[in-house]
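For reference, run-v2.pdb (PDB, C-alpha atoms):
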ATOM      1  CA  MET A 239    -111.087-133.481-113.298
ATOM      2  CA  GLU A 240    -111.408-133.806-109.511
ATOM      3  CA  ARG A 241    -112.442-137.250-108.248
ATOM      4  CA  PHE A 242    -114.324-138.506-105.220
ATOM      5  CA  LEU A 243    -112.460-141.372-103.542
ATOM      6  CA  VAL A 244    -113.464-144.103-101.103
ATOM      7  CA  ALA A 245    -110.797-146.405 -99.647
ATOM      8  CA  ARG A 246    -110.318-148.864 -96.824
ATOM      9  CA  ASN A 247    -109.135-147.267 -93.594
ATOM     10  CA  PRO A 248    -105.542-148.418 -92.919
ATOM     11  CA  GLU A 249    -105.971-147.883 -89.148
ATOM     12  CA  ALA A 250    -106.068-151.319 -87.548
ATOM     13  CA  GLY A 251    -109.105-151.999 -85.354
ATOM     14  CA  SER A 252    -110.993-148.836 -86.298
ATOM     15  CA  ASN A 253    -114.788-149.076 -86.069
ATOM     16  CA  LEU A 254    -114.942-146.719 -89.079
ATOM     17  CA  PRO A 255    -113.482-148.991 -91.773
ATOM     18  CA  TYR A 256    -113.555-146.594 -94.742
ATOM     19  CA  LEU A 257    -112.027-143.275 -95.786
ATOM     20  CA  VAL A 258    -113.601-140.739 -98.130
ATOM     21  CA  ARG A 259    -111.870-137.794 -99.754
ATOM     22  CA  LEU A 260    -113.896-134.722-100.720
ATOM     23  CA  PRO A 261    -112.190-132.470-103.306
ATOM     24  CA  ILE A 262    -112.871-129.221-101.463
ATOM     25  CA  GLU A 263    -110.807-126.890 -99.255
ATOM     26  CA  GLY A 264    -107.591-128.643-100.216
ATOM     27  CA  GLY A 265    -109.086-132.105 -99.742
ATOM     28  CA  ILE A 266    -111.196-133.106 -96.736
ATOM     29  CA  VAL A 267    -110.557-136.681 -95.568
ATOM     30  CA  LEU A 268    -113.094-138.419 -93.320
ATOM     31  CA  LYS A 269    -113.331-141.817 -91.669
ATOM     32  CA  CYS A 270    -116.766-143.368 -92.165
ATOM     33  CA  GLY A 271    -118.750-146.478 -91.378
ATOM     34  CA  ALA A 272    -119.767-147.451 -94.926
ATOM     35  CA  PRO A 273    -118.714-146.715 -98.522
ATOM     36  CA  TRP A 274    -122.100-145.091 -99.352
ATOM     37  CA  PRO A 275    -125.260-144.241 -97.331
ATOM     38  CA  VAL A 276    -127.534-146.856 -98.944
ATOM     39  CA  THR A 277    -130.066-147.614 -96.192
ATOM     40  CA  ALA A 278    -129.121-145.265 -93.343
ATOM     41  CA  ARG A 279    -127.077-142.186 -92.545
ATOM     42  CA  VAL A 280    -123.365-142.949 -92.231
ATOM     43  CA  TYR A 281    -121.440-141.550 -89.275
ATOM     44  CA  CYS A 282    -118.145-139.845 -90.177
ATOM     45  CA  HIS A 283    -115.199-138.450 -88.263
ATOM     46  CA  PRO A 284    -112.243-136.316 -89.404
ATOM     47  CA  TYR A 285    -109.140-138.280 -90.421
ATOM     48  CA  GLU A 286    -106.209-136.572 -88.743
ATOM     49  CA  GLU A 287    -103.664-137.328 -91.470
ATOM     50  CA  ALA A 288    -103.370-136.738 -95.206
ATOM     51  CA  TRP A 289    -104.850-139.195 -97.677
ATOM     52  CA  PRO A 290    -102.657-142.308 -97.228
ATOM     53  CA  ALA A 291    -100.292-143.236-100.051
ATOM     54  CA  GLY A 292    -101.185-146.591-101.561
ATOM     55  CA  ALA A 293    -104.696-146.597-100.094
ATOM     56  CA  GLU A 294    -106.898-149.474-101.276
ATOM     57  CA  VAL A 295    -109.531-147.576-103.265
ATOM     58  CA  VAL A 296    -112.933-149.329-103.374
ATOM     59  CA  ASP A 297    -114.957-146.628-105.148
ATOM     60  CA  GLN A 298    -114.250-143.487-107.130
ATOM     61  CA  ALA A 299    -116.038-141.160-109.523
ATOM     62  CA  PRO A 300    -115.513-137.825-111.276
ATOM     63  CA  VAL A 301    -117.095-134.919-109.402
ATOM     64  CA  ARG A 302    -119.656-132.652-111.033
ATOM     65  CA  SER A 303    -119.924-130.401-107.983
ATOM     66  CA  CYS A 304    -118.677-130.299-104.402
ATOM     67  CA  GLU A 305    -119.812-127.170-102.580
ATOM     68  CA  ARG A 306    -120.036-126.131 -98.934
ATOM     69  CA  ARG A 307    -123.384-124.503 -98.138
ATOM     70  CA  GLY A 308    -123.847-123.526 -94.518
ATOM     71  CA  PRO A 309    -123.500-126.577 -92.257
ATOM     72  CA  ALA A 310    -123.458-129.018 -95.175
ATOM     73  CA  ILE A 311    -121.296-130.076 -98.116
ATOM     74  CA  ASP A 312    -123.295-131.044-101.206
ATOM     75  CA  LEU A 313    -121.638-133.648-103.413
ATOM     76  CA  VAL A 314    -122.831-134.402-106.965
ATOM     77  CA  LEU A 315    -120.993-137.113-108.909
ATOM     78  CA  LYS A 316    -120.804-137.698-112.632
ATOM     79  CA  ARG A 317    -121.966-141.304-112.991
ATOM     80  CA  GLY A 318    -125.117-143.372-113.529
ATOM     81  CA  ARG A 319    -126.105-144.227-109.930
ATOM     82  CA  ASN A 320    -125.334-143.059-106.387
ATOM     83  CA  ILE A 321    -125.018-139.541-107.763
ATOM     84  CA  ARG A 322    -126.068-137.121-105.007
ATOM     85  CA  SER A 323    -125.254-137.049-101.315
ATOM     86  CA  GLN A 324    -124.672-134.599 -98.512
ATOM     87  CA  PHE A 325    -122.292-134.357 -95.555
ATOM     88  CA  VAL A 326    -123.986-132.592 -92.629
ATOM     89  CA  PHE A 327    -121.818-131.065 -89.884
ATOM     90  CA  THR A 328    -123.810-130.905 -86.660
ATOM     91  CA  SER A 329    -123.638-131.391 -82.886
ATOM     92  CA  LEU A 330    -124.924-134.260 -80.772
ATOM     93  CA  ARG A 331    -126.608-133.862 -77.425
ATOM     94  CA  GLY A 332    -124.034-132.389 -75.068
ATOM     95  CA  GLY A 333    -122.349-130.388 -77.817
ATOM     96  CA  ARG A 334    -120.076-133.087 -79.246
ATOM     97  CA  PRO A 335    -119.469-132.368 -82.975
ATOM     98  CA  ALA A 336    -120.559-135.002 -85.479
ATOM     99  CA  ILE A 337    -120.676-135.516 -89.236
ATOM    100  CA  PHE A 338    -123.378-137.536 -91.003
ATOM    101  CA  TRP A 339    -123.311-138.634 -94.643
ATOM    102  CA  GLN A 340    -126.757-139.041 -96.184
ATOM    103  CA  THR A 341    -128.713-139.162 -99.431
ATOM    104  CA  ALA A 342    -132.140-137.700-100.128
ATOM    105  CA  LYS A 343    -133.715-141.185 -99.958
ATOM    106  CA  VAL A 344    -132.114-141.931 -96.603
ATOM    107  CA  ALA A 345    -133.078-138.533 -95.163
ATOM    108  CA  LYS A 346    -136.683-138.988 -96.284
ATOM    109  CA  ALA A 347    -136.935-142.504 -94.838
ATOM    110  CA  ALA A 348    -135.310-141.537 -91.561
ATOM    111  CA  ARG A 349    -137.286-138.349 -90.980
ATOM    112  CA  PRO A 350    -140.551-138.434 -92.972
ATOM    113  CA  GLY A 351    -142.478-135.191 -92.677
ATOM    114  CA  VAL A 352    -139.755-133.446 -90.675
ATOM    115  CA  ARG A 353    -138.567-129.930 -91.526
ATOM    116  CA  VAL A 354    -135.398-129.894 -93.519
ATOM    117  CA  PRO A 355    -136.256-127.275 -96.470
ATOM    118  CA  GLY A 356    -148.336-117.469-129.126
ATOM    119  CA  ARG A 357    -145.220-115.032-129.172
ATOM    120  CA  ARG A 358    -141.750-116.266-130.138
ATOM    121  CA  ALA A 359    -139.285-116.790-127.310
ATOM    122  CA  SER A 360    -136.673-114.016-127.419
ATOM    123  CA  GLY A 361    -137.045-113.693-131.192
ATOM    124  CA  ALA A 362    -136.269-117.340-131.978
ATOM    125  CA  ASP A 363    -138.118-118.643-135.046
ATOM    126  CA  ARG A 364    -138.447-122.111-133.534
ATOM    127  CA  LEU A 365    -137.015-123.126-130.193
ATOM    128  CA  GLU A 366    -135.564-126.608-129.812
ATOM    129  CA  LEU A 367    -136.198-127.859-126.279
ATOM    130  CA  LEU A 368    -134.853-130.943-124.520
ATOM    131  CA  VAL A 369    -137.196-133.005-122.331
ATOM    132  CA  ASP A 370    -135.665-135.367-119.793
ATOM    133  CA  THR A 371    -136.487-139.031-120.390
ATOM    134  CA  ARG A 372    -137.631-139.413-116.764
ATOM    135  CA  GLU A 373    -140.310-136.716-117.042
ATOM    136  CA  ARG A 374    -143.582-138.695-116.885
ATOM    137  CA  TYR A 375    -146.141-136.022-117.863
ATOM    138  CA  PRO A 376    -144.129-133.487-119.855
ATOM    139  CA  PHE A 377    -145.225-130.148-121.211
ATOM    140  CA  LYS A 378    -146.232-130.429-124.876
ATOM    141  CA  PHE A 379    -145.462-126.802-125.787
ATOM    142  CA  ALA A 380    -148.264-127.146-128.338
ATOM    143  CA  ARG A 381    -149.191-123.458-128.168
ATOM    144  CA  GLN A 382    -145.591-122.283-128.322
ATOM    145  CA  GLN A 383    -143.303-122.278-131.342
ATOM    146  CA  ALA A 384    -141.099-125.060-130.035
ATOM    147  CA  ALA A 385    -139.971-128.561-130.914
ATOM    148  CA  THR A 386    -139.032-131.130-128.271
ATOM    149  CA  THR A 387    -136.489-133.938-128.115
ATOM    150  CA  ARG A 388    -136.377-136.611-125.415
ATOM    151  CA  ARG A 389    -132.931-136.954-123.846
ATOM    152  CA  ALA A 390    -131.426-137.720-120.456
ATOM    153  CA  LEU A 391    -130.465-134.388-118.885
ATOM    154  CA  PRO A 392    -127.746-133.926-116.239
ATOM    155  CA  ALA A 393    -130.327-132.091-114.073
ATOM    156  CA  GLY A 394    -133.851-130.725-114.410
ATOM    157  CA  ASP A 395    -136.781-131.729-116.628
ATOM    158  CA  TYR A 396    -136.370-129.314-119.573
ATOM    159  CA  GLY A 397    -133.349-127.715-121.162
ATOM    160  CA  VAL A 398    -131.699-126.070-124.155
ATOM    161  CA  GLU A 399    -128.319-126.841-125.650
ATOM    162  CA  GLN A 400    -125.740-125.416-128.005
ATOM    163  CA  ASP A 401    -123.190-127.639-129.781
ATOM    164  CA  GLY A 402    -124.063-130.506-127.446
ATOM    165  CA  GLU A 403    -123.619-128.472-124.246
ATOM    166  CA  VAL A 404    -126.642-127.946-121.985
ATOM    167  CA  LEU A 405    -126.961-124.191-121.440
ATOM    168  CA  ALA A 406    -129.936-123.987-119.080
ATOM    169  CA  VAL A 407    -132.482-126.259-117.364
ATOM    170  CA  VAL A 408    -135.827-126.012-115.586
ATOM    171  CA  GLU A 409    -137.155-128.425-112.963
ATOM    172  CA  ARG A 410    -140.973-128.661-113.039
ATOM    173  CA  LYS A 411    -142.899-129.283-109.833
ATOM    174  CA  ALA A 412    -146.595-129.969-109.445
ATOM    175  CA  ALA A 413    -147.914-128.128-106.384
ATOM    176  CA  ASP A 414    -148.344-131.265-104.248
ATOM    177  CA  ASP A 415    -144.943-132.641-105.266
ATOM    178  CA  PHE A 416    -143.272-129.331-104.428
ATOM    179  CA  THR A 417    -144.788-129.288-100.934
ATOM    180  CA  ARG A 418    -143.906-132.932-100.290
ATOM    181  CA  SER A 419    -140.282-132.538-101.417
ATOM    182  CA  LEU A 420    -139.990-129.322 -99.398
ATOM    183  CA  VAL A 421    -141.143-131.047 -96.197
ATOM    184  CA  ASP A 422    -139.154-134.287 -96.526
ATOM    185  CA  GLY A 423    -135.963-132.453 -97.441
ATOM    186  CA  SER A 424    -135.438-133.957-100.906
ATOM    187  CA  LEU A 425    -135.894-130.558-102.588
ATOM    188  CA  ALA A 426    -132.588-129.410-101.094
ATOM    189  CA  PHE A 427    -130.794-132.250-102.864
ATOM    190  CA  GLU A 428    -132.512-131.398-106.152
ATOM    191  CA  LEU A 429    -131.440-127.763-105.832
ATOM    192  CA  ALA A 430    -127.857-128.865-105.162
ATOM    193  CA  HIS A 431    -127.974-130.864-108.399
ATOM    194  CA  LEU A 432    -129.529-127.990-110.356
ATOM    195  CA  ALA A 433    -126.851-125.638-109.025
ATOM    196  CA  THR A 434    -124.268-127.538-111.098
ATOM    197  CA  ILE A 435    -125.820-125.918-114.214
ATOM    198  CA  ASP A 436    -125.001-122.224-114.720
ATOM    199  CA  ARG A 437    -128.626-121.274-115.541
ATOM    200  CA  ALA A 438    -131.232-123.334-113.707
ATOM    201  CA  ALA A 439    -134.614-122.738-112.090
ATOM    202  CA  VAL A 440    -137.561-124.500-110.463
ATOM    203  CA  VAL A 441    -141.070-123.690-111.700
ATOM    204  CA  VAL A 442    -144.061-124.627-109.544
ATOM    205  CA  GLU A 443    -147.526-125.301-110.994
ATOM    206  CA  GLY A 444    -149.193-123.468-108.135
ATOM    207  CA  ARG A 445    -149.432-120.288-106.097
ATOM    208  CA  TYR A 446    -147.079-119.155-103.384
ATOM    209  CA  GLY A 447    -150.047-118.352-101.137
ATOM    210  CA  ALA A 448    -151.187-121.978-101.287
ATOM    211  CA  LEU A 449    -148.311-122.853 -98.947
ATOM    212  CA  LEU A 450    -150.204-121.015 -96.193
ATOM    213  CA  ARG A 451    -153.230-123.274 -96.603
ATOM    214  CA  GLN A 452    -151.527-126.623 -96.058
ATOM    215  CA  GLU A 453    -152.967-128.792 -93.315
ATOM    216  CA  HIS A 454    -150.971-130.105 -90.338
ATOM    217  CA  VAL A 455    -148.294-127.405 -90.511
ATOM    218  CA  GLN A 456    -148.038-124.035 -88.823
ATOM    219  CA  PRO A 457    -148.745-120.986 -91.024
ATOM    220  CA  GLY A 458    -145.526-119.593 -92.412
ATOM    221  CA  TRP A 459    -143.395-122.658 -91.755
ATOM    222  CA  LEU A 460    -143.311-123.740 -95.410
ATOM    223  CA  LEU A 461    -142.558-120.164 -96.412
ATOM    224  CA  ASP A 462    -139.546-120.266 -94.075
ATOM    225  CA  LEU A 463    -138.329-123.464 -95.741
ATOM    226  CA  VAL A 464    -138.585-121.889 -99.186
ATOM    227  CA  ALA A 465    -136.733-118.789 -97.981
ATOM    228  CA  ARG A 466    -133.922-120.844 -96.437
ATOM    229  CA  LEU A 467    -133.420-122.852 -99.606
ATOM    230  CA  GLN A 468    -133.326-119.701-101.712
ATOM    231  CA  VAL A 469    -130.678-118.213 -99.429
ATOM    232  CA  ARG A 470    -128.658-121.433 -99.640
ATOM    233  CA  TYR A 471    -129.038-121.749-103.429
ATOM    234  CA  PRO A 472    -129.383-118.158-104.716
ATOM    235  CA  GLY A 473    -128.468-119.211-108.252
ATOM    236  CA  VAL A 474    -131.538-121.460-108.613
ATOM    237  CA  PRO A 475    -134.720-119.347-108.379
ATOM    238  CA  ILE A 476    -138.034-120.929-107.393
ATOM    239  CA  VAL A 477    -140.871-119.465-109.471
ATOM    240  CA  PHE A 478    -144.558-119.908-108.581
ATOM    241  CA  ALA A 479    -146.436-119.791-111.887
ATOM    242  CA  ASP A 480    -150.047-120.163-110.562
ATOM    243  CA  SER A 481    -151.062-122.948-112.982
ATOM    244  CA  ARG A 482    -149.689-125.642-115.287
ATOM    245  CA  PRO A 483    -150.269-123.626-118.508
ATOM    246  CA  LEU A 484    -148.432-120.629-117.036
ATOM    247  CA  ALA A 485    -145.631-122.870-115.780
ATOM    248  CA  GLU A 486    -145.283-124.227-119.313
ATOM    249  CA  GLU A 487    -145.193-120.697-120.727
ATOM    250  CA  TRP A 488    -142.639-119.553-118.139
ATOM    251  CA  THR A 489    -140.403-122.555-118.927
ATOM    252  CA  PHE A 490    -140.598-121.754-122.639
ATOM    253  CA  ARG A 491    -139.692-118.086-122.044
ATOM    254  CA  PHE A 492    -136.867-118.818-119.600
ATOM    255  CA  LEU A 493    -135.164-121.373-121.835
ATOM    256  CA  GLY A 494    -135.652-119.210-124.910
ATOM    257  CA  ALA A 495    -134.088-116.225-123.149
ATOM    258  CA  ALA A 496    -131.180-118.356-121.888
ATOM    259  CA  ARG A 497    -130.392-119.689-125.343
ATOM    260  CA  ALA A 498    -130.603-116.235-126.951
ATOM    261  CA  GLU A 499    -128.444-114.634-124.250
ATOM    262  CA  LEU A 500    -125.762-117.315-124.017
ATOM    263  CA  THR A 501    -125.334-118.007-127.728
ATOM    264  CA  GLU A 502    -124.764-114.290-128.312
ATOM    265  CA  LEU A 503    -121.941-114.039-125.764
ATOM    266  CA  PRO A 504    -118.516-113.478-127.328
ATOM    267  CA  GLY A 505    -116.011-116.309-127.306
TER     268      GLY A 505
END
Mind turning this structure into structure tokens?
Amino acid sequence: MERFLVARNPEAGSNLPYLVRLPIEGGIVLKCGAPWPVTARVYCHPYEEAWPAGAEVVDQAPVRSCERRGPAIDLVLKRGRNIRSQFVFTSLRGGRPAIFWQTAKVAKAARPGVRVPGRRASGADRLELLVDTRERYPFKFARQQAATTRRALPAGDYGVEQDGEVLAVVERKAADDFTRSLVDGSLAFELAHLATIDRAAVVVEGRYGALLRQEHVQPGWLLDLVARLQVRYPGVPIVFADSRPLAEEWTFRFLGAARAELTELPG
């Protein structure tokens, strides 16, 4: 399994005292100012040599996903904390290239409010659904033929599994929470995490047209953000289900269809 590495920079006198290695494109090595973006974005610069032999490693973790998407590289690690981050390749004033390492929390704090972007399910007699332990007000699925089990999921709020492997997940968003995460940029990080699951989706307890009625933003701007995220993460659809009951029903149908489809695949 590929690993994410952080080590001390062996260059004497460098004002970027750490190195990070991203397991993508043959291994991208960057110099950076901190071992993780805890309270602020971390400035990075390309390291001109290969990863140094005998480097003093100060942090490492197995990688769930490391994908380049447009001007950014999304990194998702397989560990309990400091899981998701993003390396953004941009230009400073005057055209000088720059790389910034950030987390969703840091991006939100640094730029608040700124643009970033009754029937059985598929024939199953009784669908067994997983509910993430962090979901505060979960769907009950009382009207559907489903049973629920609380468990920590690798991504999303609801899922189905087969032989201990999570097959598909759904992230639920209340309308206000969806708009807020869209504006502060944290939704992009959530989509990057969801994209590590082969079948994943976001369901919104609201209408698409409601995005046009938000105060303090220009009409169409939120729609542009949604469109950009869907282009960046085409494998994670965003579904507007009009209401909470319909969002619950859609989640039930999606996960039921995923389990029926994937458990019938040969091999």
Exercise. CA of Glu486 in chain A to CA of Ile321 in chain A: how many Å, to one decimal?
Worked result: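 That distance, rounded to one decimal, is 27.9 Å.
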Exercise. Where does the PyMOL selection byres ((chain A and resi 472-478) around 7) land in this file, that is, which residues does it pick, as a ChimeraX atom specification?
Worked result: /A:429,433,438-446,468-471,479-480
Problem set entry | Residue nearest Arg418 in chain A - candidates A:Arg482, A:Gln452, A:Ala245, A:Pro284, atoms counted: all atoms listed in the file | A:Gln452
Exercise. Quick one: which residues end up in the PyMOL selection byres ((chain A and resi 366-375) around 8) for this structure, as a PyMOL selection string?
Worked result: chain A and resi 364-365+376-377+384-391+394-399+493
For this session: Determine the residue set returned by the PyMOL selection byres ((chain A and resi 283) around 7) for the present structure, and present it as a list of chain:residue names.
Result: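 Applying the PyMOL selection byres ((chain A and resi 283) around 7) to the structure shown produces A:Leu268, A:Lys269, A:Cys270, A:Cys282, A:Pro284, A:Tyr285, A:Ala336, A:Ile337.
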For this session: Would you be able to write out as an MDAnalysis selection string which residues have an atom within 12 Å of (-141.5, -129.2, -102.4) in the file's coordinates, counting only C-alpha atoms?
Result: chainID A and resid 351 353:355 409:429 440:444 446 449 460:461 463:464 467 476 478
Exercise. So, counting only C-alpha atoms, which residue among A:Ala465, A:Ala342, A:Ala430, A:Ala485 is closest to Arg302 in chain A?
Worked result: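 Result for the nearest residue to Arg302 in chain A: A:Ala430.
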For this session: Might you pull out every residue within 12 Å of Gly264 in chain A, with only C-alpha atoms counted and same-chain residues fewer than 3 positions away left off, and present them as number ranges by chain?
Result: A: 240, 259-261, 267, 288-289, 304
Exercise. Within 12 Å of Ala272 in chain A, counting only C-alpha atoms, which residues qualify if same-chain residues fewer than 6 places away don't, as a VMD selection string?
Worked result: chain A and resid 244 to 247 253 to 258 278 to 282 296 to 297 338 to 340
For this session: Compare A:Pro248, A:Pro290, A:Gly494, A:Gly308 by their minimum atom-to-atom distance to Gln383 in chain A, counting all atoms listed in the file, and give me the closest one.
Result: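 Among A:Pro248, A:Pro290, A:Gly494, A:Gly308, it is A:Gly494 that comes nearest to Gln383 in chain A.
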